[in-house]
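Peer 1: One structure follows; several queries about it will come next.
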Amino acid sequence: MRTLSVLPLILLAAACPASPARAQELVRVEAKLWNPSADASVKSSTDLLTGTKINLQDDLHLDNDARLPYIKLSLGGGKQRLVASAMQLKLDKESLPDVTFNFGGSTYTVGVPVKTVLEAEIYRVAWEADWISTDLLRVGTIIGAEIFDTRASLENSVVGKKEQEVTVPVPIVGLQGEIGLPFGLAAYGELAGLWLQSGGREGSFIEGELGAKYVLFRILHVSAGWRQINVSLQDDQNKASMALRGLVFGAGLQF
């Protein structure tokens with residue numbers, strides 16, 4: 001009779017969500033959908049013609065609502081993990097520009113429709129190490145690199161198509177953490193970035209996310225939060241900047 005009376009308690013304990021900060025998973029895979037608003041500006045010059053700084057949303061009416069798939073893979077147990085992530089952005093719009101401007105050695109005039117395309121792939125490879133790790137609290141550092149591959153192209157019937165492309169790796173350092181809450185909930189956050197200047201080149205990057213997650217059946221979790229990325233790059237007379245900010249939703253497996 002004692003065995004039968006204890007059995008329901010064992011089954012209940014197995015079904016209840018685990019404390020998120022206690023999990024010592026070796027592999028974690030997360031898929032997220034990020035719905036940020038975008039704000040981007042570019043300046044593309046040549047030796048013969050200085051480019052005009054233009055805002056792709058305000059001046060060319062590029063849509064600022066994006067839906068970005070975001071994949072993250074973590075390998076490693078205990079206090080150290082190797083993390084890799086990737087995301088992709090593409091926005092395009094054909095509209096009448098509000099201003100006459102120079103881009104890539106050509107002049108685009110008011111009254112001639114311009115097709116604007118903004119594309120970006122962002123990859124991260126990093127090492128995460130916890131320096132506080134308890135049943136309910138985890139705090140650690142992020143050391144790694146982000147690789148940005150961004151392209152902005154403009155095209156009209158008069159001057160054709162011009163494109164500015166920037167591909168650059170940026171080292172990053174930052175902090176990340178998670179705190180366990182009752183009923184399988186947890187709050188998490190991370191902040192990473194860096195600023196560099198070398199010769200005529202200058203770049204800054206900052207990326208952060210803050211949110212909450214809920215653990216189901218010990219191996220599955222769902223999450224919701226706010227994510228933001230700010231990137232600014234300058235090479236001689238060429239400049240590019242991009243800000244992405246908005247809600248992010250996801251689900252993941254850990255085992």
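Labels for the structure tokens follow display order: chains A, B, ..., residues from 1 in each chain, ligands from 1.
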As a PyMOL selection string, please: the residues near range 139-146 of chain A (cut-off 7 Å, only C-alpha atoms, same-chain neighbours under 2 positions excluded).
Peer 2: chain A and resi 122-133+137+148+169-178
Peer 1: Please identify every residue of range 48-119 of chain A that has at least one atom no farther than 7 Å from an atom of range 155-159 of chain A, counting only C-alpha atoms, and for each give the shortest atom pair and the distance in Å to one decimal, arranged by chain then increasing number, as JSON lines.
Peer 2:
{"residue": "A:Ser106", "atom": "CA", "partner": "A:Val159", "partner_atom": "CA", "distance": 6.7}
{"residue": "A:Val112", "atom": "CA", "partner": "A:Asn156", "partner_atom": "CA", "distance": 7.0}
{"residue": "A:Pro113", "atom": "CA", "partner": "A:Asn156", "partner_atom": "CA", "distance": 6.1}
{"residue": "A:Val114", "atom": "CA", "partner": "A:Asn156", "partner_atom": "CA", "distance": 4.8}
{"residue": "A:Lys115", "atom": "CA", "partner": "A:Glu155", "partner_atom": "CA", "distance": 5.1}
{"residue": "A:Thr116", "atom": "CA", "partner": "A:Glu155", "partner_atom": "CA", "distance": 6.8}
Peer 1: May I have the selected residues written with C-alpha atoms, as an mmCIF file, in the first residue's frame?
Peer 2:
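Result file out.cif:
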data_model
loop_
_atom_site.group_PDB
_atom_site.id
_atom_site.type_symbol
_atom_site.label_atom_id
_atom_site.label_comp_id
_atom_site.auth_asym_id
_atom_site.auth_seq_id
_atom_site.Cartn_x
_atom_site.Cartn_y
_atom_site.Cartn_z
ATOM 1 C CA SER A 106 25.564 57.976 -59.542
ATOM 2 C CA VAL A 112 12.222 58.576 -60.768
ATOM 3 C CA PRO A 113 11.150 55.429 -58.874
ATOM 4 C CA VAL A 114 13.940 53.657 -56.999
ATOM 5 C CA LYS A 115 13.993 50.009 -55.957
ATOM 6 C CA THR A 116 15.731 49.682 -52.572
#
Peer 1: Separation of CA of Pro97 in chain A and CA of Asp58 in chain A, in Å?
Peer 2: 9.2 Å
Peer 1: Can you list, as a list in words, every protein, DNA or RNA residue that comes within 10 Å of Leu49 in chain A when you count only C-alpha atoms, leaving out same-chain residues fewer than 3 positions away?
Peer 2: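 Once the adjacent positions are removed, what remains is Ser44, Ser45, Thr46, Thr52, Asn102, Phe103, Gly104, Gly105, Ser106 and Thr107 of chain A.
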Peer 1: Generate a file of the selected residues that holds N, CA and C atoms, formatted as a PDB file, in the first residue's frame.
Peer 2:
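File result_22.pdb, as written:
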ATOM      1  N   SER A  44      27.529  56.036 -49.788  1.00  0.00           N
ATOM      2  CA  SER A  44      28.466  55.345 -50.671  1.00  0.00           C
ATOM      3  C   SER A  44      29.108  56.365 -51.608  1.00  0.00           C
ATOM      4  N   SER A  45      30.423  56.519 -51.471  1.00  0.00           N
ATOM      5  CA  SER A  45      31.156  57.521 -52.242  1.00  0.00           C
ATOM      6  C   SER A  45      32.127  56.856 -53.210  1.00  0.00           C
ATOM      7  N   THR A  46      32.570  57.615 -54.197  1.00  0.00           N
ATOM      8  CA  THR A  46      33.652  57.217 -55.094  1.00  0.00           C
ATOM      9  C   THR A  46      34.695  58.325 -55.089  1.00  0.00           C
ATOM     10  N   THR A  52      25.868  60.815 -50.614  1.00  0.00           N
ATOM     11  CA  THR A  52      24.944  61.492 -49.714  1.00  0.00           C
ATOM     12  C   THR A  52      24.471  60.504 -48.660  1.00  0.00           C
ATOM     13  N   ASN A 102      23.352  61.270 -54.101  1.00  0.00           N
ATOM     14  CA  ASN A 102      24.427  60.551 -54.773  1.00  0.00           C
ATOM     15  C   ASN A 102      24.702  59.231 -54.041  1.00  0.00           C
ATOM     16  N   PHE A 103      24.808  58.155 -54.808  1.00  0.00           N
ATOM     17  CA  PHE A 103      25.075  56.847 -54.221  1.00  0.00           C
ATOM     18  C   PHE A 103      25.882  56.026 -55.208  1.00  0.00           C
ATOM     19  N   GLY A 104      27.051  55.533 -54.767  1.00  0.00           N
ATOM     20  CA  GLY A 104      27.875  54.663 -55.607  1.00  0.00           C
ATOM     21  C   GLY A 104      28.350  55.301 -56.887  1.00  0.00           C
ATOM     22  N   GLY A 105      28.534  56.624 -56.887  1.00  0.00           N
ATOM     23  CA  GLY A 105      29.024  57.305 -58.083  1.00  0.00           C
ATOM     24  C   GLY A 105      27.947  57.748 -59.045  1.00  0.00           C
ATOM     25  N   SER A 106      26.676  57.564 -58.682  1.00  0.00           N
ATOM     26  CA  SER A 106      25.564  57.976 -59.542  1.00  0.00           C
ATOM     27  C   SER A 106      24.616  58.879 -58.767  1.00  0.00           C
ATOM     28  N   THR A 107      23.846  59.673 -59.526  1.00  0.00           N
ATOM     29  CA  THR A 107      22.891  60.590 -58.922  1.00  0.00           C
ATOM     30  C   THR A 107      21.473  60.097 -59.178  1.00  0.00           C
TER      31      THR A 107
END
Peer 1: Just the residues within 6 Å of Val248 in chain A, please, counting only C-alpha atoms, with nothing from its chain fewer than 4 positions along; format it as a PyMOL selection string.
Peer 2: chain A and resi 33-34+224-226
Peer 1: Quick one: everything within 8 Å of Asp39 in chain A, counting only C-alpha atoms, minus sequence neighbours fewer than 5 positions away in the same chain. Send it as number ranges by chain.
Peer 2: A: 55-57, 64, 242-244
Peer 1: Give the strand (DSSP E or B) residues of range 62-244 of chain A, as DSSP finds them on the backbone, and put them as JSON, numbers by chain.
Peer 2: {"A": [65, 68, 69, 70, 71, 72, 73, 74, 75, 80, 81, 82, 83, 84, 85, 86, 87, 88, 89, 90, 91, 92, 93, 94, 95, 101, 102, 103, 106, 107, 108, 114, 115, 116, 117, 118, 119, 120, 121, 122, 123, 124, 125, 126, 127, 128, 129, 130, 131, 132, 133, 137, 138, 139, 140, 141, 142, 143, 144, 145, 146, 147, 148, 149, 150, 151, 152, 153, 154, 155, 156, 160, 161, 162, 163, 164, 165, 166, 167, 168, 169, 170, 171, 172, 173, 174, 175, 176, 177, 178, 179, 180, 185, 186, 187, 188, 189, 190, 191, 192, 193, 194, 195, 196, 197, 198, 201, 202, 203, 204, 205, 206, 207, 208, 209, 210, 211, 212, 213, 214, 215, 216, 220, 221, 222, 223, 224, 225, 226, 227, 228, 229, 230, 231, 232, 233, 234, 235, 238, 239, 240, 241, 242, 243, 244]}
